[in-house]
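Dropping work.pdb in here (PDB, C-alpha atoms and all ligand atoms):
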```
ATOM      1  CA  MET K 271      -6.327   7.994  -4.359  1.00  0.00           C
ATOM      2  CA  LYS K 272      -4.077   6.889  -7.225  1.00  0.00           C
ATOM      3  CA  LYS K 273      -4.047   3.210  -8.124  1.00  0.00           C
ATOM      4  CA  PHE K 274      -1.283   1.355  -9.910  1.00  0.00           C
ATOM      5  CA  ILE K 275      -0.483  -1.725 -11.909  1.00  0.00           C
ATOM      6  CA  VAL K 276       3.115  -2.897 -11.894  1.00  0.00           C
ATOM      7  CA  ASP K 277       4.830  -4.980 -14.567  1.00  0.00           C
ATOM      8  CA  THR K 278       6.197  -8.461 -13.851  1.00  0.00           C
ATOM      9  CA  MET K 279       9.791  -7.234 -13.446  1.00  0.00           C
ATOM     10  CA  LEU K 280       8.964  -4.928 -10.545  1.00  0.00           C
ATOM     11  CA  GLY K 281       7.468  -7.245  -7.916  1.00  0.00           C
ATOM     12  CA  ASP K 282       9.645  -5.788  -5.197  1.00  0.00           C
ATOM     13  CA  LEU K 283       8.462  -2.276  -5.985  1.00  0.00           C
ATOM     14  CA  ALA K 284       4.846  -3.481  -5.899  1.00  0.00           C
ATOM     15  CA  ARG K 285       5.354  -4.779  -2.346  1.00  0.00           C
ATOM     16  CA  TRP K 286       6.930  -1.515  -1.228  1.00  0.00           C
ATOM     17  CA  LEU K 287       4.122   0.582  -2.656  1.00  0.00           C
ATOM     18  CA  ARG K 288       1.589  -1.636  -0.873  1.00  0.00           C
ATOM     19  CA  ILE K 289       3.494  -1.240   2.399  1.00  0.00           C
ATOM     20  CA  MET K 290       3.169   2.535   1.887  1.00  0.00           C
ATOM     21  CA  GLY K 291      -0.565   1.984   1.536  1.00  0.00           C
ATOM     22  CA  TYR K 292      -1.083   2.283  -2.212  1.00  0.00           C
ATOM     23  CA  ASP K 293      -3.456   0.074  -4.166  1.00  0.00           C
ATOM     24  CA  VAL K 294      -1.150  -1.900  -6.480  1.00  0.00           C
ATOM     25  CA  ALA K 295      -2.167  -4.703  -8.836  1.00  0.00           C
ATOM     26  CA  TYR K 296       0.645  -7.125  -9.583  1.00  0.00           C
ATOM     27  CA  SER K 297       0.987 -10.661 -10.832  1.00  0.00           C
ATOM     28  CA  LYS K 298       3.965 -12.588 -12.185  1.00  0.00           C
ATOM     29  CA  GLY K 299       1.668 -13.858 -14.914  1.00  0.00           C
ATOM     30  CA  TYR K 300       0.596 -10.521 -16.391  1.00  0.00           C
ATOM     31  CA  GLY K 301       1.161 -10.043 -20.102  1.00  0.00           C
ATOM     32  CA  ASP K 302       1.388  -6.616 -21.746  1.00  0.00           C
ATOM     33  CA  GLN K 303      -2.175  -6.857 -23.003  1.00  0.00           C
ATOM     34  CA  GLU K 304      -3.565  -7.639 -19.570  1.00  0.00           C
ATOM     35  CA  ILE K 305      -1.646  -4.775 -18.022  1.00  0.00           C
ATOM     36  CA  LEU K 306      -2.914  -2.321 -20.640  1.00  0.00           C
ATOM     37  CA  GLU K 307      -6.518  -3.487 -20.275  1.00  0.00           C
ATOM     38  CA  SER K 308      -6.490  -3.542 -16.515  1.00  0.00           C
ATOM     39  CA  ALA K 309      -4.935  -0.064 -16.442  1.00  0.00           C
ATOM     40  CA  SER K 310      -7.611   1.254 -18.732  1.00  0.00           C
ATOM     41  CA  LEU K 311     -10.579  -0.500 -17.047  1.00  0.00           C
ATOM     42  CA  GLY K 312      -9.432  -0.035 -13.475  1.00  0.00           C
ATOM     43  CA  ASN K 313      -8.073   3.467 -13.936  1.00  0.00           C
ATOM     44  CA  ARG K 314      -4.632   2.325 -12.831  1.00  0.00           C
ATOM     45  CA  ILE K 315      -1.309   4.003 -13.579  1.00  0.00           C
ATOM     46  CA  ILE K 316       1.161   1.593 -15.203  1.00  0.00           C
ATOM     47  CA  ILE K 317       4.603   1.330 -13.627  1.00  0.00           C
ATOM     48  CA  THR K 318       7.081  -0.447 -15.861  1.00  0.00           C
ATOM     49  CA  ARG K 319      10.739  -0.934 -16.751  1.00  0.00           C
ATOM     50  CA  ASP K 320       9.792  -1.987 -20.250  1.00  0.00           C
ATOM     51  CA  ARG K 321      10.134   0.807 -22.796  1.00  0.00           C
ATOM     52  CA  ARG K 322       7.938  -1.016 -25.295  1.00  0.00           C
ATOM     53  CA  LEU K 323       5.091  -1.406 -22.811  1.00  0.00           C
ATOM     54  CA  TYR K 324       5.562   2.235 -21.793  1.00  0.00           C
ATOM     55  CA  GLY K 325       5.318   3.243 -25.445  1.00  0.00           C
ATOM     56  CA  LYS K 326       2.159   1.187 -25.953  1.00  0.00           C
ATOM     57  CA  ALA K 327       0.569   2.770 -22.877  1.00  0.00           C
ATOM     58  CA  LYS K 328       1.377   6.277 -24.083  1.00  0.00           C
ATOM     59  CA  LYS K 329      -0.050   5.471 -27.519  1.00  0.00           C
ATOM     60  CA  ARG K 330      -3.358   4.592 -25.841  1.00  0.00           C
ATOM     61  CA  SER K 331      -3.169   7.759 -23.743  1.00  0.00           C
ATOM     62  CA  LEU K 332      -2.827   5.729 -20.548  1.00  0.00           C
ATOM     63  CA  GLU K 333      -0.944   7.155 -17.632  1.00  0.00           C
ATOM     64  CA  ALA K 334       2.389   5.348 -17.268  1.00  0.00           C
ATOM     65  CA  ILE K 335       5.672   5.689 -15.446  1.00  0.00           C
ATOM     66  CA  LEU K 336       8.934   4.346 -16.845  1.00  0.00           C
ATOM     67  CA  VAL K 337      11.239   3.263 -14.027  1.00  0.00           C
ATOM     68  CA  GLU K 338      14.863   3.807 -14.978  1.00  0.00           C
ATOM     69  CA  SER K 339      16.728   3.634 -11.687  1.00  0.00           C
ATOM     70  CA  ILE K 340      18.128   0.586  -9.883  1.00  0.00           C
ATOM     71  CA  GLY K 341      17.762  -0.111  -6.171  1.00  0.00           C
ATOM     72  CA  THR K 342      14.757  -0.009  -3.862  1.00  0.00           C
ATOM     73  CA  ALA K 343      15.098   3.504  -2.411  1.00  0.00           C
ATOM     74  CA  GLU K 344      16.094   4.952  -5.803  1.00  0.00           C
ATOM     75  CA  ARG K 345      13.062   3.384  -7.462  1.00  0.00           C
ATOM     76  CA  LEU K 346      10.699   4.527  -4.737  1.00  0.00           C
ATOM     77  CA  ALA K 347      12.077   8.045  -5.077  1.00  0.00           C
ATOM     78  CA  GLU K 348      11.678   7.986  -8.844  1.00  0.00           C
ATOM     79  CA  VAL K 349       8.066   6.779  -8.652  1.00  0.00           C
ATOM     80  CA  ALA K 350       7.247   9.281  -5.893  1.00  0.00           C
ATOM     81  CA  VAL K 351       8.517  12.174  -7.997  1.00  0.00           C
ATOM     82  CA  LYS K 352       6.952  11.018 -11.265  1.00  0.00           C
ATOM     83  CA  ALA K 353       3.564  10.070  -9.740  1.00  0.00           C
ATOM     84  CA  ARG K 354       3.609  12.825  -7.095  1.00  0.00           C
ATOM     85  CA  LEU K 355       3.225  10.311  -4.304  1.00  0.00           C
ATOM     86  CA  GLU K 356       3.846  10.784  -0.658  1.00  0.00           C
ATOM     87  CA  LEU K 357       6.580   8.446   0.669  1.00  0.00           C
ATOM     88  CA  ARG K 358       5.121   7.285   3.948  1.00  0.00           C
ATOM     89  CA  ALA K 359       5.825   4.555   6.480  1.00  0.00           C
ATOM     90  CA  ASP K 360       2.860   3.916   8.737  1.00  0.00           C
ATOM     91  CA  PRO K 361       1.570   0.390   9.376  1.00  0.00           C
ATOM     92  CA  PHE K 362      -1.911   1.828   9.986  1.00  0.00           C
ATOM     93  CA  LEU K 363      -2.022   2.871   6.326  1.00  0.00           C
ATOM     94  CA  SER K 364      -0.411  -0.251   4.837  1.00  0.00           C
ATOM     95  CA  ARG K 365      -2.000  -2.768   2.537  1.00  0.00           C
ATOM     96  CA  CYS K 366      -1.043  -6.441   2.455  1.00  0.00           C
ATOM     97  CA  PRO K 367       2.284  -6.678   0.583  1.00  0.00           C
ATOM     98  CA  GLU K 368       1.377 -10.205  -0.565  1.00  0.00           C
ATOM     99  CA  CYS K 369      -2.076  -9.677  -2.042  1.00  0.00           C
ATOM    100  CA  ASN K 370      -2.898  -5.936  -1.953  1.00  0.00           C
ATOM    101  CA  GLY K 371      -5.795  -6.564   0.488  1.00  0.00           C
ATOM    102  CA  GLU K 372      -6.752  -3.921   3.004  1.00  0.00           C
ATOM    103  CA  LEU K 373      -5.641  -4.543   6.572  1.00  0.00           C
ATOM    104  CA  SER K 374      -7.886  -4.398   9.594  1.00  0.00           C
ATOM    105  CA  VAL K 375      -6.377  -3.445  12.919  1.00  0.00           C
ATOM    106  CA  THR K 376      -6.956  -5.553  16.010  1.00  0.00           C
ATOM    107  CA  GLU K 377      -5.721  -5.702  19.570  1.00  0.00           C
ATOM    108  CA  GLU K 378      -7.584  -8.930  20.280  1.00  0.00           C
ATOM    109  CA  LYS K 379      -4.777 -11.469  20.500  1.00  0.00           C
ATOM    110  CA  GLU K 380      -7.249 -14.376  20.412  1.00  0.00           C
ATOM    111  CA  LYS K 381      -8.076 -13.495  16.840  1.00  0.00           C
ATOM    112  CA  VAL K 382      -4.490 -13.787  15.610  1.00  0.00           C
ATOM    113  CA  ARG K 383      -3.078 -16.423  17.960  1.00  0.00           C
ATOM    114  CA  ASP K 384      -2.875 -19.128  15.252  1.00  0.00           C
ATOM    115  CA  LYS K 385      -0.859 -16.964  12.891  1.00  0.00           C
ATOM    116  CA  VAL K 386       1.597 -15.130  15.108  1.00  0.00           C
ATOM    117  CA  PRO K 387       4.634 -16.676  16.833  1.00  0.00           C
ATOM    118  CA  PRO K 388       4.246 -16.644  20.655  1.00  0.00           C
ATOM    119  CA  GLN K 389       7.133 -14.210  21.093  1.00  0.00           C
ATOM    120  CA  ALA K 390       5.546 -11.614  18.833  1.00  0.00           C
ATOM    121  CA  LEU K 391       2.163 -12.242  20.422  1.00  0.00           C
ATOM    122  CA  ARG K 392       3.654 -11.313  23.785  1.00  0.00           C
ATOM    123  CA  ALA K 393       5.715  -8.380  22.563  1.00  0.00           C
ATOM    124  CA  TYR K 394       3.146  -6.537  20.432  1.00  0.00           C
ATOM    125  CA  LYS K 395      -0.240  -5.099  21.183  1.00  0.00           C
ATOM    126  CA  THR K 396      -1.518  -4.184  17.753  1.00  0.00           C
ATOM    127  CA  PHE K 397      -1.891  -6.601  14.859  1.00  0.00           C
ATOM    128  CA  TYR K 398      -2.935  -6.033  11.265  1.00  0.00           C
ATOM    129  CA  VAL K 399      -5.001  -8.721   9.566  1.00  0.00           C
ATOM    130  CA  CYS K 400      -5.351  -8.859   5.793  1.00  0.00           C
ATOM    131  CA  THR K 401      -9.044  -8.813   4.955  1.00  0.00           C
ATOM    132  CA  ARG K 402      -8.350 -10.742   1.748  1.00  0.00           C
ATOM    133  CA  CYS K 403      -5.728 -13.464   2.424  1.00  0.00           C
ATOM    134  CA  GLY K 404      -5.753 -13.532   6.222  1.00  0.00           C
ATOM    135  CA  ASN K 405      -2.023 -12.855   6.694  1.00  0.00           C
ATOM    136  CA  VAL K 406      -1.217 -11.152   9.982  1.00  0.00           C
ATOM    137  CA  TYR K 407       1.359  -8.349  10.395  1.00  0.00           C
ATOM    138  CA  TRP K 408       2.748  -6.401  13.311  1.00  0.00           C
ATOM    139  CA  GLU K 409       5.197  -3.580  13.712  1.00  0.00           C
ATOM    140  CA  GLY K 410       8.226  -5.814  14.281  1.00  0.00           C
ATOM    141  CA  SER K 411      11.878  -4.887  14.037  1.00  0.00           C
ATOM    142  CA  HIS K 412      11.728  -5.050  10.224  1.00  0.00           C
ATOM    143  CA  TRP K 413       9.799  -1.795  10.389  1.00  0.00           C
ATOM    144  CA  GLU K 414      13.044  -0.059  11.344  1.00  0.00           C
ATOM    145  CA  ASN K 415      14.443  -1.122   7.989  1.00  0.00           C
ATOM    146  CA  ILE K 416      11.263  -0.117   6.209  1.00  0.00           C
ATOM    147  CA  ARG K 417      11.482   3.363   7.757  1.00  0.00           C
ATOM    148  CA  LYS K 418      15.187   3.664   6.903  1.00  0.00           C
ATOM    149  CA  THR K 419      14.571   2.764   3.270  1.00  0.00           C
ATOM    150  CA  ILE K 420      11.645   5.169   2.988  1.00  0.00           C
ATOM    151  CA  ASP K 421      13.638   7.975   4.681  1.00  0.00           C
ATOM    152  CA  LEU K 422      16.421   7.366   2.183  1.00  0.00           C
ATOM    153  CA  ALA K 423      13.914   7.421  -0.674  1.00  0.00           C
ATOM    154  CA  ARG K 424      12.573  10.743   0.646  1.00  0.00           C
ATOM    155  CA  SER K 425      15.985  12.353   0.607  1.00  0.00           C
ATOM    156  CA  ILE K 426      16.714  11.044  -2.900  1.00  0.00           C
ATOM    157  CA  ALA K 427      13.312  12.354  -4.059  1.00  0.00           C
ATOM    158  CA  ALA K 428      14.032  15.747  -2.501  1.00  0.00           C
ATOM    159  CA  SER K 429      17.338  15.996  -4.344  1.00  0.00           C
ATOM    160  CA  HIS K 430      15.631  15.040  -7.649  1.00  0.00           C
ATOM    161  CA  GLN K 431      13.111  17.791  -7.026  1.00  0.00           C
ATOM    162  CA  ARG K 432      15.802  20.367  -6.273  1.00  0.00           C
ATOM    163  CA  LYS K 433      17.532  19.485  -9.530  1.00  0.00           C
ATOM    164  CA  ALA K 434      14.265  19.771 -11.432  1.00  0.00           C
ATOM    165  CA  GLU K 435      13.601  23.225  -9.987  1.00  0.00           C
ATOM    166  CA  LYS K 436      16.984  24.649 -11.022  1.00  0.00           C
TER
HETATM  167 ZN    ZN K 501      -3.271 -10.352   1.945  1.00  0.00          ZN
END
```
Conversion result in structure tokens:
Amino acid sequence: MKKFIVDTMLGDLARWLRIMGYDVAYSKGYGDQEILESASLGNRIIITRDRRLYGKAKKRSLEAILVESIGTAERLAEVAVKARLELRADPFLSRCPECNGELSVTEEKEKVRDKVPPQALRAYKTFYVCTRCGNVYWEGSHWENIRKTIDLARSIAASHQRKAEK
């Protein structure tokens, strides 16, 4: 499975890639040097908007992707095409968008009672607990928007691919 490290300007993209289940290192405090070292030590692909950082990565023969598009779906599509990633929306595969931790699935409401509003506790059966930071997630209505954005990204990616094949 491919792993990534995302530059400080692309926090939103980092969250989206984690929601899709990819292992993504991200911190607001990363400097170029840290990103380059962590990519090289951890075998992570660099995703950046910064041409200089991209150039430095290429010079060291590190795998890197330069993001040039604007907008969530457009960026997801661009990364999917360039990194050959599957654009997927399945909470069972997600990682914690906050901390990149793996999620464990539970149907035991007692375990999550403290961290889930009563309404959601009643309405949902399956909960996802971050094994690192303890955040709890469920497939609430926001997942409709997640699926819409990822569907849109898929169709943009498909049109990029068609253009590339011509
Ligand atoms: Zn977490």
Leaving out K:Arg322 and any residue of its chain fewer than 3 positions from it, which residues lie within 12 Å of it when counting all atoms listed in the file, given as a PDB file with C-alpha atoms, in the coordinates of the input?
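Printed below is around_11.pdb as written:
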```pdb
ATOM      1  CA  ASP K 277       4.830  -4.980 -14.567  1.00  0.00           C
ATOM      2  CA  ASP K 302       1.388  -6.616 -21.746  1.00  0.00           C
ATOM      3  CA  GLN K 303      -2.175  -6.857 -23.003  1.00  0.00           C
ATOM      4  CA  LEU K 306      -2.914  -2.321 -20.640  1.00  0.00           C
ATOM      5  CA  THR K 318       7.081  -0.447 -15.861  1.00  0.00           C
ATOM      6  CA  ARG K 319      10.739  -0.934 -16.751  1.00  0.00           C
ATOM      7  CA  GLY K 325       5.318   3.243 -25.445  1.00  0.00           C
ATOM      8  CA  LYS K 326       2.159   1.187 -25.953  1.00  0.00           C
ATOM      9  CA  ALA K 327       0.569   2.770 -22.877  1.00  0.00           C
ATOM     10  CA  LYS K 328       1.377   6.277 -24.083  1.00  0.00           C
ATOM     11  CA  LYS K 329      -0.050   5.471 -27.519  1.00  0.00           C
ATOM     12  CA  ALA K 334       2.389   5.348 -17.268  1.00  0.00           C
ATOM     13  CA  LEU K 336       8.934   4.346 -16.845  1.00  0.00           C
TER      14      LEU K 336
END
```
Which chains and residue numbers are within 12 Å of ligand ZN 501 (chain K), counting only C-alpha atoms and all ligand atoms, if I want them as a PDB file with C-alpha atoms, in the coordinates of the input?
```pdb
ATOM      1  CA  ARG K 285       5.354  -4.779  -2.346  1.00  0.00           C
ATOM      2  CA  ARG K 288       1.589  -1.636  -0.873  1.00  0.00           C
ATOM      3  CA  ILE K 289       3.494  -1.240   2.399  1.00  0.00           C
ATOM      4  CA  SER K 364      -0.411  -0.251   4.837  1.00  0.00           C
ATOM      5  CA  ARG K 365      -2.000  -2.768   2.537  1.00  0.00           C
ATOM      6  CA  CYS K 366      -1.043  -6.441   2.455  1.00  0.00           C
ATOM      7  CA  PRO K 367       2.284  -6.678   0.583  1.00  0.00           C
ATOM      8  CA  GLU K 368       1.377 -10.205  -0.565  1.00  0.00           C
ATOM      9  CA  CYS K 369      -2.076  -9.677  -2.042  1.00  0.00           C
ATOM     10  CA  ASN K 370      -2.898  -5.936  -1.953  1.00  0.00           C
ATOM     11  CA  GLY K 371      -5.795  -6.564   0.488  1.00  0.00           C
ATOM     12  CA  GLU K 372      -6.752  -3.921   3.004  1.00  0.00           C
ATOM     13  CA  LEU K 373      -5.641  -4.543   6.572  1.00  0.00           C
ATOM     14  CA  SER K 374      -7.886  -4.398   9.594  1.00  0.00           C
ATOM     15  CA  TYR K 398      -2.935  -6.033  11.265  1.00  0.00           C
ATOM     16  CA  VAL K 399      -5.001  -8.721   9.566  1.00  0.00           C
ATOM     17  CA  CYS K 400      -5.351  -8.859   5.793  1.00  0.00           C
ATOM     18  CA  THR K 401      -9.044  -8.813   4.955  1.00  0.00           C
ATOM     19  CA  ARG K 402      -8.350 -10.742   1.748  1.00  0.00           C
ATOM     20  CA  CYS K 403      -5.728 -13.464   2.424  1.00  0.00           C
ATOM     21  CA  GLY K 404      -5.753 -13.532   6.222  1.00  0.00           C
ATOM     22  CA  ASN K 405      -2.023 -12.855   6.694  1.00  0.00           C
ATOM     23  CA  VAL K 406      -1.217 -11.152   9.982  1.00  0.00           C
ATOM     24  CA  TYR K 407       1.359  -8.349  10.395  1.00  0.00           C
TER      25      TYR K 407
END
```
Can you tell me which residues surround K:Gly299 at a distance of at most 12 Å, considering all atoms listed in the file, apart from same-chain residues fewer than 3 positions away, and format the answer as a ChimeraX atom specification? /K:276-279,281,295-296,302-305
Within 6 Å of stretch 344-352 of chain K, counting all atoms listed in the file, which residues show up once you throw out same-chain ones fewer than 4 positions away? Write them as a list in words, please.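 So, after excluding close chain neighbours, the residues are Ser339, Ala423, Ile426 and Ala427 of chain K.
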Any chance you could work out the residue set of the PyMOL selection byres (((chain K and resi 409-413) around 8) and not hetatm) here, as number ranges by chain? K: 361, 390, 394, 396-397, 407-408, 414-417
Long-range neighbours of K:Phe274 as a count of residues only, 6 Å cut-off, only C-alpha atoms, 4 positions minimum in chain: 4
Reconstructed N, CA and C atoms for stretch 281-295 of chain K, given as a tab-separated table (two decimals), in the frame of the given file:
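Saved as out_0.tsv:
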```
chain	number	residue	atom	x	y	z
K	281	GLY	N	8.21	-6.71	-9.05
K	281	GLY	CA	7.47	-7.24	-7.92
K	281	GLY	C	7.86	-6.62	-6.58
K	282	ASP	N	9.15	-6.37	-6.44
K	282	ASP	CA	9.64	-5.79	-5.20
K	282	ASP	C	9.06	-4.38	-4.99
K	283	LEU	N	9.03	-3.63	-6.05
K	283	LEU	CA	8.46	-2.28	-5.98
K	283	LEU	C	6.97	-2.33	-5.64
K	284	ALA	N	6.28	-3.32	-6.20
K	284	ALA	CA	4.85	-3.48	-5.90
K	284	ALA	C	4.65	-3.68	-4.40
K	285	ARG	N	5.47	-4.53	-3.79
K	285	ARG	CA	5.35	-4.78	-2.35
K	285	ARG	C	5.59	-3.50	-1.54
K	286	TRP	N	6.62	-2.76	-1.95
K	286	TRP	CA	6.93	-1.52	-1.23
K	286	TRP	C	5.81	-0.49	-1.32
K	287	LEU	N	5.23	-0.37	-2.49
K	287	LEU	CA	4.12	0.58	-2.66
K	287	LEU	C	2.92	0.16	-1.82
K	288	ARG	N	2.68	-1.14	-1.73
K	288	ARG	CA	1.59	-1.64	-0.87
K	288	ARG	C	1.88	-1.34	0.58
K	289	ILE	N	3.12	-1.55	1.00
K	289	ILE	CA	3.49	-1.24	2.40
K	289	ILE	C	3.22	0.24	2.68
K	290	MET	N	3.45	1.10	1.70
K	290	MET	CA	3.17	2.54	1.89
K	290	MET	C	1.67	2.83	1.81
K	291	GLY	N	0.88	1.81	1.49
K	291	GLY	CA	-0.56	1.98	1.54
K	291	GLY	C	-1.23	2.22	0.18
K	292	TYR	N	-0.49	2.05	-0.90
K	292	TYR	CA	-1.08	2.28	-2.21
K	292	TYR	C	-1.68	0.99	-2.78
K	293	ASP	N	-2.73	1.18	-3.55
K	293	ASP	CA	-3.46	0.07	-4.17
K	293	ASP	C	-2.69	-0.32	-5.44
K	294	VAL	N	-2.04	-1.49	-5.40
K	294	VAL	CA	-1.15	-1.90	-6.48
K	294	VAL	C	-1.51	-3.30	-6.97
K	295	ALA	N	-1.92	-3.40	-8.23
K	295	ALA	CA	-2.17	-4.70	-8.84
K	295	ALA	C	-0.84	-5.23	-9.37
```
